[in-house]
Structure formats: structure tokens, C-alpha cells
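Trainee: Once you've had a glance at the structure underneath, I'll fire off some questions.
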Amino acid sequence: MSVEPAEGAETLARHDSLYGDAEKVSGDRRHGSGASWRQTVLLAFQSIGVVYGDLGTSPLYTYSGTFPDGIRHLDDLLGVLSLILYTLILLPLLKYVFIVLYANDNGDGGTFALYSLISRYAKIRMIPNQQAEDASVSNYSIQEPSSKTKRAQWVKQRLESSKAARIALFTVTILGTSMVMGDGSLTPAISVLSAVSGIREKAPHLTQLQVVWISVAILFLLFSVQRFGTDKVGYSFAPIILVWFVLIASIGAYNLAAHDATVLRALNPMYIVEYVRRNGKQAWLSLGGVVLCTTGTEAMFADLGHFNIKAIQLSFSFIIFPSVALCYMGQASYLHKFPQDVGDTFYKSIPAAMFWPTFIVAILAAIIASQAMLSGAFAILSKALSLGCFPRVQVVHTSKKYAGQVYIPEVNFLIGAASIIVTLAFQTTTNIGNAYGICVVMVFSITTHLMTVVMLLVWKKNIAFIAAFYVVFGATEMLYLTSILSKFAEGGYLPFCFSLVLMALMATWHYVHVCRYWYELDRIVPAAKLTALLARPDVRRVPGVGLLYSELVQGIPPVFPRLVEKMPSVHAVFVFMSIKNLPIPRVAAAERFIFRRVGPAEHRMFRCVARYGYTDQIEAAKEFSASLLDGLKLFVHEEAAFSCQHTDDNDGDGALRAAQAAAAEEEKRFIDAELERGVVYLTGEADVVAAPGSPVMKRVVVNYIYTFLRKNLSESHKALAIPKDQLLRVGITYEI
């Protein structure tokens with residue numbers, strides 16, 4: 001924690017209360033780059049079960065999505081196979097595995113991690129709660145642009161001075177988050193349905209509706225086990241998905257040997273040129289099916305916080321990519337001989353003796369595929385919560401061993417319901433695939449744009465490298481996007497509708513959150529008014545410790561006079577408490593708190609800012625209050641030590657120093673005594689409404705949409721784990 005001058009008191013020089021303890025802060029136990037090779041190999045094994053299920057099950061539906069009307073010319077198979085192989089090399093392998101993964105934010109990935117990384121180097125966040133002390137946190141690790149990096153300085157100034165640029169970055173970020181959430185609902189639907197559909201090969205009497213209901217039952221089971229956590233699910237699934245990759249690679253090798261090995265000619269990219277020349281517009285339209293071979297790629301980045309870069313690179317390069325490529329080559333070999341089976345290539349190409357084992361593992365692999373995107377959705381949305389882009393809901397950290405593995409009950413329910421509804425409504429993988437492809441490519445494109453900003457501002461790469469990255473990957477993704485958008489009316493509208501609704505909710509919450517912060521900031525209570533309030537004859541100091549929660553990181557919130565007005569008493573030790581999320585994944589416990597005194601010492605009132613990273617878990621109320629008050633006593637001690645040092649510098653006498661030390665010890669004993677009498681948590685229940693005369697749209701957003709979200713999602717005291725019997729709410733109305 002840091003000692004700061006008293007609010008309303010004479011300003012002294014800043015003093016670091018850690019004295020040197022910051023140097024002793026050790027990294028928390030994470031899946032970091034410093035992991036041993038043994039741990040990295042174990043993480044690589046676990047990542048197979050969590051990250052790659054979706055990418056591994058894409059052979060179930062890629063060829064059928066690429067040739068919805070059948071194969072017109074056998075040589076088209078070579079062109080499509082070449083497209084699939086080079087798409088896998090270009091996007092998952094080159095872009096993500098060897099470039100994007102390195103843009104992690106202290107080990108965490110995803111669109112919000114990129115946004116947080118950018119926001120550390122440029123002040124692009126809408127809420128003005130940045131403090132100079134934040135940059136001293138050990139994980140902040142930012143380098144100011146030097147004279148040699150004028151381009152980075154120019155980008156920084158442009159972002160900070162342009163409100164439109166800040167809004168655009170925020171909008172792109174929440175769009176990416178919305179699309180990942182769409183992935184989370186569509187992945188289970190298409191993966192499970194495509195896997196279950198294979199049963200009709202052996203049971204043709206089953207109707208498509210019966211297959212759909214079997215899929216719904218499996219989906220219900222999948223979403224029911226999410227509460228057990230990534231760690232348990234990952235280790236349970238890893239052996240199964242590893243068997244899956246061995247199976248699809250073996251089946252691919254068998255088909256190559258048994259049918260037509262000449263399809264290996266597709267390694268020559270000239271077949272792509274010939275395919276496009278031969279089919280023209282139809283070849284362009286087929287790209288919407290080809291891109292399905294990359295489904296689940298974003299999970300490598302979104303789930304990075306669960307693992308580490310080396311683990312992801314090992315597992316993808318040596319297991320996933322070879323297995324999937326071999327499977328696609330085997331399917332092409334089979335289709336070269338039996339082109340009429342393109343609608344159900346995967347199951348038709350399985351040797352008869354291997355059908356049932358493969359079918360069972362396919363069902364399990366489809367469940368794992370769903371797990372991959374769900375893990376990423378939970379991880380990304382937990383970051384959105386910390387940045388004020390979503391109502392405070394309960395985030396359950398499911399692993400005591402590793403940070404970053406989370407489960408959000410409300411979100412799990414909503415995604416599960418959406419996935420089941422999609423399955424029942426669309427009933428076929430072709431229509432779901434049209435919707436799915438748009439989500440996949442939109443997330444790719446958003447990552448490319450944010451990565452370009454990171455390269456300019458953070459990495460300060462050579463401009464030629466940045467231009468090459470943006471042009472090559474941006475143009476490729478735009479080509480795929482234009483193709484998949486042509487199927488907008490055939491299911492492609494679904495992710496847009498889903499994302500627009502989610503974006504609207506996130507934007508609404510963030511907009512009102514920012515307006516509320518500015519409202520409180522403009523109405524902070526002056527020090528003179530605080531003194532006058534406490535001096536009133538009807539205001540008593542009651543035993544115990546009071547913690548008043550507020551978003552403000554400076555000043556006294558306007559809810560405090562309201563509290564004194566309704567209940568004319570103030571606790572003997574009173575702390576204005578603010579929970580602040582820094583744009584970094586983690587804040588070490590030793591650097592958690594910043595304290596300052598509010599008013600004169602006899603008031604025993606303090607300001608405390610508790611700083612958390614976006615993957616940190618807020619402690620339970622009892623542990624939190626104990627840590628806070630221990631920090632408060634340390635603050636009192638170090639404040640006295642600093643005052644003594646200041647006295648020494650001004651040739652003060654020893655008696656004054658002794659008196660200051662004795663006063664500090666007395667105050668620490670007083671805090672301990674009041675802690676024994678109990679802690680009361682106070683929160684402001686602000687009823688936010690649009691000010692009279694506001695535009696109709698603002699009234700709808702604030703008075704209806706925001707109010708609905710606030711009343712129907714978890715309340716903040718639940719997210720903060722405050723016991724109900726120690727909670728006191730203070731009602732207040734804000735007109736914004």
C-alpha cells in the first residue's frame with residue numbers, strides 16, 4: 001500500500017509505505033513463461049482437452065459446408081484441400097501461434113486483454129480513475145515512448161486526444177467480446193448436432209427431429225457440469241480428445257492409402273488459383289465453408305490465461321495441426337473416389353470396423369469442442385466485468401491451484417439456453433454453420449485490428465512488419481468475411497442479432513457507469529462540509545468500523561451526507577472504500593491498498609483504494625476486512641515514521657518524535673479495539689434516472705434498459721461477498 005497526504009490537509013511529499021517491500025513481491029503461481037519443461041508439457045496435455053476440441057471437430061462439417069450443392073468437378077477437391085491447408089497454416093499457425101499469443105497481457109489473452117494492454121500505454125478508458133501510483137505496481141511494466149519511438153508517441157497522442165478513437169476502440173472490443181459469446185452458444189450447437197447426426201448411418205429410421213432432441217439432452221448435460229471448473233474438465237477431457245486426434249489422423253492415413261494418395265498434390269498452392277479460375281464467384285462463395293476449418297482458433301488466445309505460450313505452441317504444432325491436416329487430406333482422398341458422399345464425408349469415410357468407437361469419441365469430442373469456447377467466453381467476460389462493461393455478477397474461481405480459471409453461473413445459463421434454442425430452431429448444421437462462420441471471421445478481424453495498434457504503440461515494431469501483418473491477415477480475413485456475409489439471410493443474421501443485443505447491453509451499462517462516476521466526481525463533499533457534518537450535535541460516533549463502498553478513488557462521495565442525514569451517526573473508524581480494477585491481470589497482495597487520511601487525525605477517517613487486476617479474485621468479506629485493517633495499521637505506523645523523518649529533516653526535538661510514535665501506537669490499538677466491536681459494510685444503492693428534459697433515447701437507455709439490468713442481475717454486494725447481516729444500504733437518486 002502507499003501512504004498519501006490527508007485529503008484537505010497540508011500536502012507533504014509522497015511517501016512509499018512499502019519502503020522496499022515491493023522488491024520482495026514474488027510472482028503469483030500462474031501458467032507463466034517461467035514454468036519448467038515438465039509443467040509446460042503437462043499444461044500442453046491439459047490444453048488439448050480445453051482449447052482444441054472445436055478445432056479438432058471441424059472435419060465433421062467443413063467439406064459439407066464448402067460443397068452444399070455437391071462436387072461439380074473432381075479437381076475442385078484439390079483446390080479446396082489446398083485452401084484448407086493454407087488457411088490452417090496462415091491463420092491458426094502463423095497468425096495466432098507465432099504472433100498473436102505474444103501480445104498477451106502478463107499471461108492473459110483475448111480481446112479485452114489487448115484493450116487493457118493498449119489502455120496502459122494510452123489513456124483511452126472513459127472513467128478518469130487513473131492514479132500516478134498505479135504505474136508503480138510491479139505487473140504494470142510500461143515503457144514510456146522514447147525519442148527513438150516518435151511514431152508510438154504520435155499514436156498515443158492521437159488516441160488520447162480523439163474521443164472518436166477511444167469510442168471506436170471500446171466498440172471494437174465489446175464487439176469482439178460479443179462475437180466470442182456468440183461462438184460460445186453456436187459451438188455447442190453445431191459440434192454436438194454434427195456428431196450426433198452420424199448415428200443415422202447405422203439407424204436410418206431416426207428422424208432429424210429425434211437427432212435434435214438427443215443433441216439437446218447432451219447440451220443440457222454439458223452446461224450442467226461447467227460449475228466443476230476448467231481444471232477438472234480439462235484433465236478429464238484431455239485423454240479423450242487426444243484419442244480423438246489419434247483417430248482422425250489414423251482414419252486420414254487409412255483413406256490416403258486406401259483411395260487416392262494423389263490428392264497430396266494439393267500442397268501446391270497453384271491448385272487454389274486453378275480452382276478460382278474454374279469456378280469464379282462460386283469459388284468465392286465456397287470460402288464461407290472453407291473457413292470453418294479454423295473454428296475454435298480464438299480459443300488458443302482467449303484461454304491463454306489457463307496455460308502458457310509454450311504449452312499452446314507445443315500442442316498445436318506437434319499434435320493438433322498434423323492430425324487435422326491428415327484428416328482433411330484423407331477425406332479429400334475418399335471424396336475423390338466417392339464424391340456423392342460429400343454431405344456426410346466424415347462418417348462415410350470411416351472404416352466399418354471403426355464406426356462405433358469413432359462415433360462415441362466424436363460425441364465426447366463435440367462436448368470438448370463446446371468446452372473450448374465456453375472457457376474462453378467465461379475468461380473474456382470476467383475481464384469485461386472488471387472494466388465496468390457488464391453488471392457485477394458472481395465470478396467463481398474454480399481452481400485453487402491456478403488463477404484465471406473461472407465460471408460465471410448467470411452467463412453459463414444464458415449461453416446454455418441460447419445454444420439449445422439455436423439447435424431446436426435451425427436443426428441442421430448447414431444453417432448453423434452459416435451463422436458460425438461470421439462469428440469466427442469477425443473475431444479474427446477484430447484481433448487483427450487491435451494487434452496492429454499493439455504493434456504500433458506497445459511493441460514499436462518496424463513499420464514494414466506492421467504493414468505486412470495488417471495487409472496479409474486483414475485482406476485474407478476480409479475475403480472470407482465478404483464470402484460468409486453472402487449467406488446472411490440463411491442463418492448469418494443470428495450472430496449479428498445476438499452480438500448487437502449483447503453490445504447494446506454492455507454499452508448501456510458502461511455508458512451509465514461512466515455518467516454515474518462523473519456525477520459523483522462533480523459532487524464530491526468538500527473537506528469543510530465534512531468537518532461541519534461531524535461537528536453537528538446530533539451526529540454521534542458509534543463503536544465499530546464502517547466501510548463505505550464507492551466507485552470514486554478520490555474525494556468523499558455524495559452518498560455520505562445522505563447516510564448521515566438518514567442515520568446521524570458515524571463509526572469510530574470510518575473508511576471510504578473503493579474497489580479499483582487496473583488494466584493488468586494481477587496485482588500482488590503487498591501492493592493491493594493505497595491509503596490516505598481524510599481530515600484531521602482525530603476524525604479517524606480514511607480513504608482506501610483496493611487495486612485488483614482483471615483476473616484477481618476479491619477475497620471474502622472477513623478476509624478482506626482483516627487485510628484492509630492490517631494495511632491501515634501499517635499505514636498509521638509508516639505515516640508516523642515519515643513524520644518523524646520529516647521532523648528530523650527540520651531539526652525537531654526528540655520529545656515531538658516520541659509523541660508522534662506514541663500517538664501512532666495508540667491509534668493502532670484503537671483500530672484493533674474497534675475491529676473487535678464489528679465491521680459494518682455500507683453501500684450506496686443509487687437509483688439512476690435521466691435528468692428532466694433528456695432526449696427520448698437517453699431516457700429509454702437509462703430509465704428502462706439500465707434499470708432492468710441493475711435489478712435483474714446479481715447485486716454488487718453478492719459479487720463482493722458481503723454478509724447480509726453486516727450490510728447497510730443507503731438509497732440515493734442520481735439524475736444524469
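Chain labels run A, B, ... following the order of the C-alpha cells; each chain numbers its residues from 1, and ligands are numbered from 1 in the order shown.
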Write out as a list in words the set of residues from range 355-516 of chain A that DSSP, computed on the backbone, places in strand (DSSP E).

Mentor: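 So the strand (DSSP E) residues in range 355-516 of chain A would be Val396, His397, Val406 and Tyr407 of chain A.
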
Trainee: Have a look at CA of Ser162 in chain A and CA of Trp518 in chain A and let me know their distance in Å, one decimal.

Mentor: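 About the pair CA of Ser162 in chain A and CA of Trp518 in chain A: they are 19.0 Å apart.
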
Trainee: Quick one: residues within 9 Å of range 66-81 of chain A, only C-alpha atoms counted, chain neighbours fewer than 4 positions away excluded, as a ChimeraX atom specification?

Mentor: /A:61-62,85-86,263-267,269-276,278-279,283,285-292,328-329,332-333,335-337,339-343,430

Trainee: Just to be explicit: take each residue in the selection above, keep C-alpha atoms, and write the result as a PDB file, in the first residue's frame.

Mentor:
ATOM      1  CA  TYR A  61     -18.746 -30.298 -41.140  1.00  0.00           C
ATOM      2  CA  THR A  62     -16.135 -28.379 -43.206  1.00  0.00           C
ATOM      3  CA  LEU A  85      -4.317 -26.491 -45.623  1.00  0.00           C
ATOM      4  CA  TYR A  86      -3.026 -22.992 -46.331  1.00  0.00           C
ATOM      5  CA  VAL A 263      -4.547 -35.592 -53.501  1.00  0.00           C
ATOM      6  CA  LEU A 264      -1.245 -34.704 -51.813  1.00  0.00           C
ATOM      7  CA  ARG A 265      -0.696 -32.601 -54.920  1.00  0.00           C
ATOM      8  CA  ALA A 266      -2.877 -30.030 -53.150  1.00  0.00           C
ATOM      9  CA  LEU A 267       0.228 -28.964 -51.221  1.00  0.00           C
ATOM     10  CA  PRO A 269      -0.959 -23.667 -53.944  1.00  0.00           C
ATOM     11  CA  MET A 270      -1.394 -23.385 -57.736  1.00  0.00           C
ATOM     12  CA  TYR A 271      -4.453 -25.609 -57.349  1.00  0.00           C
ATOM     13  CA  ILE A 272      -6.093 -22.704 -55.480  1.00  0.00           C
ATOM     14  CA  VAL A 273      -5.526 -20.452 -58.493  1.00  0.00           C
ATOM     15  CA  GLU A 274      -6.965 -23.059 -60.863  1.00  0.00           C
ATOM     16  CA  TYR A 275      -9.964 -23.606 -58.572  1.00  0.00           C
ATOM     17  CA  VAL A 276     -10.769 -19.899 -58.517  1.00  0.00           C
ATOM     18  CA  ARG A 278     -12.547 -22.519 -62.958  1.00  0.00           C
ATOM     19  CA  ASN A 279     -15.380 -21.595 -60.575  1.00  0.00           C
ATOM     20  CA  ALA A 283     -15.223 -20.376 -55.526  1.00  0.00           C
ATOM     21  CA  LEU A 285     -18.807 -18.220 -52.052  1.00  0.00           C
ATOM     22  CA  SER A 286     -17.251 -21.533 -51.004  1.00  0.00           C
ATOM     23  CA  LEU A 287     -14.739 -19.686 -48.807  1.00  0.00           C
ATOM     24  CA  GLY A 288     -17.508 -19.394 -46.221  1.00  0.00           C
ATOM     25  CA  GLY A 289     -17.336 -23.185 -45.833  1.00  0.00           C
ATOM     26  CA  VAL A 290     -13.534 -23.396 -46.029  1.00  0.00           C
ATOM     27  CA  VAL A 291     -13.112 -21.004 -43.090  1.00  0.00           C
ATOM     28  CA  LEU A 292     -14.986 -23.459 -40.855  1.00  0.00           C
ATOM     29  CA  TYR A 328      -8.647 -33.364 -44.293  1.00  0.00           C
ATOM     30  CA  MET A 329      -6.271 -34.990 -46.784  1.00  0.00           C
ATOM     31  CA  ALA A 332     -10.308 -35.478 -49.888  1.00  0.00           C
ATOM     32  CA  SER A 333      -8.843 -38.822 -50.927  1.00  0.00           C
ATOM     33  CA  LEU A 335     -14.235 -37.926 -51.878  1.00  0.00           C
ATOM     34  CA  HIS A 336     -12.061 -38.228 -54.983  1.00  0.00           C
ATOM     35  CA  LYS A 337     -13.453 -41.745 -55.272  1.00  0.00           C
ATOM     36  CA  PRO A 339     -17.879 -37.538 -54.479  1.00  0.00           C
ATOM     37  CA  GLN A 340     -21.566 -38.257 -53.863  1.00  0.00           C
ATOM     38  CA  ASP A 341     -20.877 -38.640 -50.121  1.00  0.00           C
ATOM     39  CA  VAL A 342     -19.765 -35.026 -49.584  1.00  0.00           C
ATOM     40  CA  GLY A 343     -22.839 -34.248 -47.447  1.00  0.00           C
ATOM     41  CA  THR A 430     -25.604 -26.138 -42.653  1.00  0.00           C
TER      42      THR A 430
END

Trainee: Extract the full set of alpha helix (DSSP H) residues from range 53-224 of chain A according to DSSP on the backbone, and format it as number ranges by chain.

Mentor: A: 53-57, 62-66, 75-88, 111-121, 150-161, 163-196, 208-224

Trainee: Nearest to Thr531 in chain A: which of A:Pro561, A:Gly546, A:Pro583, A:Gly693 is it, counting only C-alpha atoms?

Mentor: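 Among the listed residues, A:Pro561 lies closest to Thr531 in chain A.
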
Trainee: Give me, as a list in words, all polymer residues having an atom no more than 9 Å from Met506 in chain A, counting only C-alpha atoms and skipping those fewer than 5 positions away in the same chain.

Mentor: Ile174, Ala384, Gly388, Cys389, Phe390, Pro391, Val501 and Tyr511 of chain A

Trainee: Produce a file of the selected residues containing N, CA, C and O atoms, as a PDB file, in the first residue's frame.

Mentor:
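Printed below is result-v2.pdb as written:
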ATOM      1  N   ILE A 174     -15.837  -4.516 -27.441  1.00  0.00           N
ATOM      2  CA  ILE A 174     -17.055  -5.189 -26.976  1.00  0.00           C
ATOM      3  C   ILE A 174     -17.715  -5.967 -28.104  1.00  0.00           C
ATOM      4  O   ILE A 174     -18.413  -6.956 -27.851  1.00  0.00           O
ATOM      5  N   ALA A 384     -14.386  -8.223 -18.831  1.00  0.00           N
ATOM      6  CA  ALA A 384     -15.351  -7.156 -19.112  1.00  0.00           C
ATOM      7  C   ALA A 384     -15.973  -6.628 -17.826  1.00  0.00           C
ATOM      8  O   ALA A 384     -16.219  -5.428 -17.676  1.00  0.00           O
ATOM      9  N   GLY A 388     -15.880  -2.456 -16.070  1.00  0.00           N
ATOM     10  CA  GLY A 388     -17.124  -1.708 -15.989  1.00  0.00           C
ATOM     11  C   GLY A 388     -17.994  -1.821 -17.217  1.00  0.00           C
ATOM     12  O   GLY A 388     -18.792  -0.924 -17.500  1.00  0.00           O
ATOM     13  N   CYS A 389     -17.873  -2.925 -17.954  1.00  0.00           N
ATOM     14  CA  CYS A 389     -18.645  -3.107 -19.188  1.00  0.00           C
ATOM     15  C   CYS A 389     -19.783  -4.099 -19.015  1.00  0.00           C
ATOM     16  O   CYS A 389     -20.448  -4.443 -20.003  1.00  0.00           O
ATOM     17  N   PHE A 390     -19.993  -4.575 -17.817  1.00  0.00           N
ATOM     18  CA  PHE A 390     -21.042  -5.563 -17.584  1.00  0.00           C
ATOM     19  C   PHE A 390     -21.429  -5.475 -16.110  1.00  0.00           C
ATOM     20  O   PHE A 390     -20.594  -5.157 -15.257  1.00  0.00           O
ATOM     21  N   PRO A 391     -22.707  -5.720 -15.795  1.00  0.00           N
ATOM     22  CA  PRO A 391     -23.113  -5.669 -14.383  1.00  0.00           C
ATOM     23  C   PRO A 391     -22.294  -6.636 -13.533  1.00  0.00           C
ATOM     24  O   PRO A 391     -21.842  -7.671 -14.014  1.00  0.00           O
ATOM     25  N   VAL A 501     -27.459  -7.236 -29.592  1.00  0.00           N
ATOM     26  CA  VAL A 501     -28.157  -7.185 -28.303  1.00  0.00           C
ATOM     27  C   VAL A 501     -27.143  -7.123 -27.161  1.00  0.00           C
ATOM     28  O   VAL A 501     -27.251  -6.284 -26.252  1.00  0.00           O
ATOM     29  N   TYR A 511     -21.983   3.086 -20.388  1.00  0.00           N
ATOM     30  CA  TYR A 511     -22.353   4.492 -20.528  1.00  0.00           C
ATOM     31  C   TYR A 511     -22.881   5.046 -19.207  1.00  0.00           C
ATOM     32  O   TYR A 511     -22.438   6.111 -18.737  1.00  0.00           O
TER      33      TYR A 511
END

Trainee: Between A:Ala658, A:Ala640, A:Met605, A:Val192, which is the closest to Val545 in chain A once you count only C-alpha atoms?

Mentor: A:Met605

Trainee: Excluding same-chain residues fewer than 4 positions from Ala238 in chain A, what lies within 7 Å of it counting only C-alpha atoms, as a PyMOL selection string?

Mentor: chain A and resi 45-46+48-49+234+242

Trainee: Would you pick out the contacts of His571 in chain A at 10 Å or less, using only C-alpha atoms, so that residues sharing its chain but fewer than 5 positions from it are not included, and give the list as a list in words?

Mentor: Arg540, Arg541, Val542, Pro543, Gly544, Val545, Gly546, Leu547, Arg604, Met605, Glu674, Val679 and Val680 of chain A

Trainee: Could you check which of A:Ile736, A:Val688, A:Cys293, A:Ala377 is closest to Gly182 in chain A, using only C-alpha atoms?

Mentor: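 Of A:Ile736, A:Val688, A:Cys293, A:Ala377, the one nearest Gly182 in chain A, counting only C-alpha atoms, is A:Ala377.
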
Trainee: Excluding Ile584 in chain A and its own-chain neighbours fewer than 4 positions away, which residues fall within 10 Å of it when counting only C-alpha atoms? Please give them as a ChimeraX atom specification.

Mentor: /A:105-108,113,116-117,119-120,137,139-141,383,612-616

Trainee: Please determine, counting only C-alpha atoms, which residue among A:Tyr734, A:Phe560, A:Trp244, A:Phe595 has the shortest atom-to-atom distance to Glu639 in chain A.

Mentor: A:Phe595

Trainee: So, counting only C-alpha atoms, which residue among A:Ile240, A:Val472, A:Leu186, A:Ile463 is closest to Gly492 in chain A?

Mentor: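 Ranked by minimum distance to Gly492 in chain A, first place goes to A:Leu186.
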
Trainee: Restricting the calculation to only C-alpha atoms, which member of A:Leu326, A:Ile484, A:Met478, A:Val587 is positioned closest to Cys439 in chain A?

Mentor: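 Looking only at the distances to Cys439 in chain A, the closest residue turns out to be A:Ile484.
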